Amino acid sequence: MADKKKAGPKGKVESKPKKSRKLHTNYSISDNKIERKNRTCPKCGPGMFLGKHKNRLVCGKCAYVEMSAKKEEPKEE
Ligand SMILES: [Zn+2]
């Protein structure tokens, strides 16, 4: 009469993998010139990129918001 206990960690905490910022994807090098793909913050200067949101660009450092100039017509339900 041996009870087999399931071996398993108790209280397992699932940790989400950290998202890497992948800053290198913001640059592209062509002919020894660095081109910035994303918009940079006018307040913080070059090096601080604006985060892409649905319809705006936001600086994570100084909270500068720039509305994207995309012409999107609001969907009517
Ligand atoms: Zn900024």
# chains A, B, ... in the order shown; residues from 1 in each chain; ligands from 1

call {"tool": "residues_near_ligand", "arguments": {"ligand": "ligand 1", "cutoff": "12 Å", "atoms": "only C-alpha atoms and all ligand atoms", "output": "NGL selection string"}}
result
:A and (39-51 or 57-66)

call {"tool": "closest_residue", "arguments": {"among": "A:His24, A:Lys12, A:Arg56, A:Lys18", "to": "Lys37 of chain A", "atoms": "only C-alpha atoms"}}
result
A:His24

call {"tool": "atom_distance", "arguments": {"atom1": "atom CA of Asn55 of chain A", "atom2": "atom CA of Tyr27 of chain A"}}
result
22.1 Å

call {"tool": "atom_distance", "arguments": {"atom1": "atom CA of Met67 of chain A", "atom2": "atom CA of Lys52 of chain A"}}
result
10.2 Å
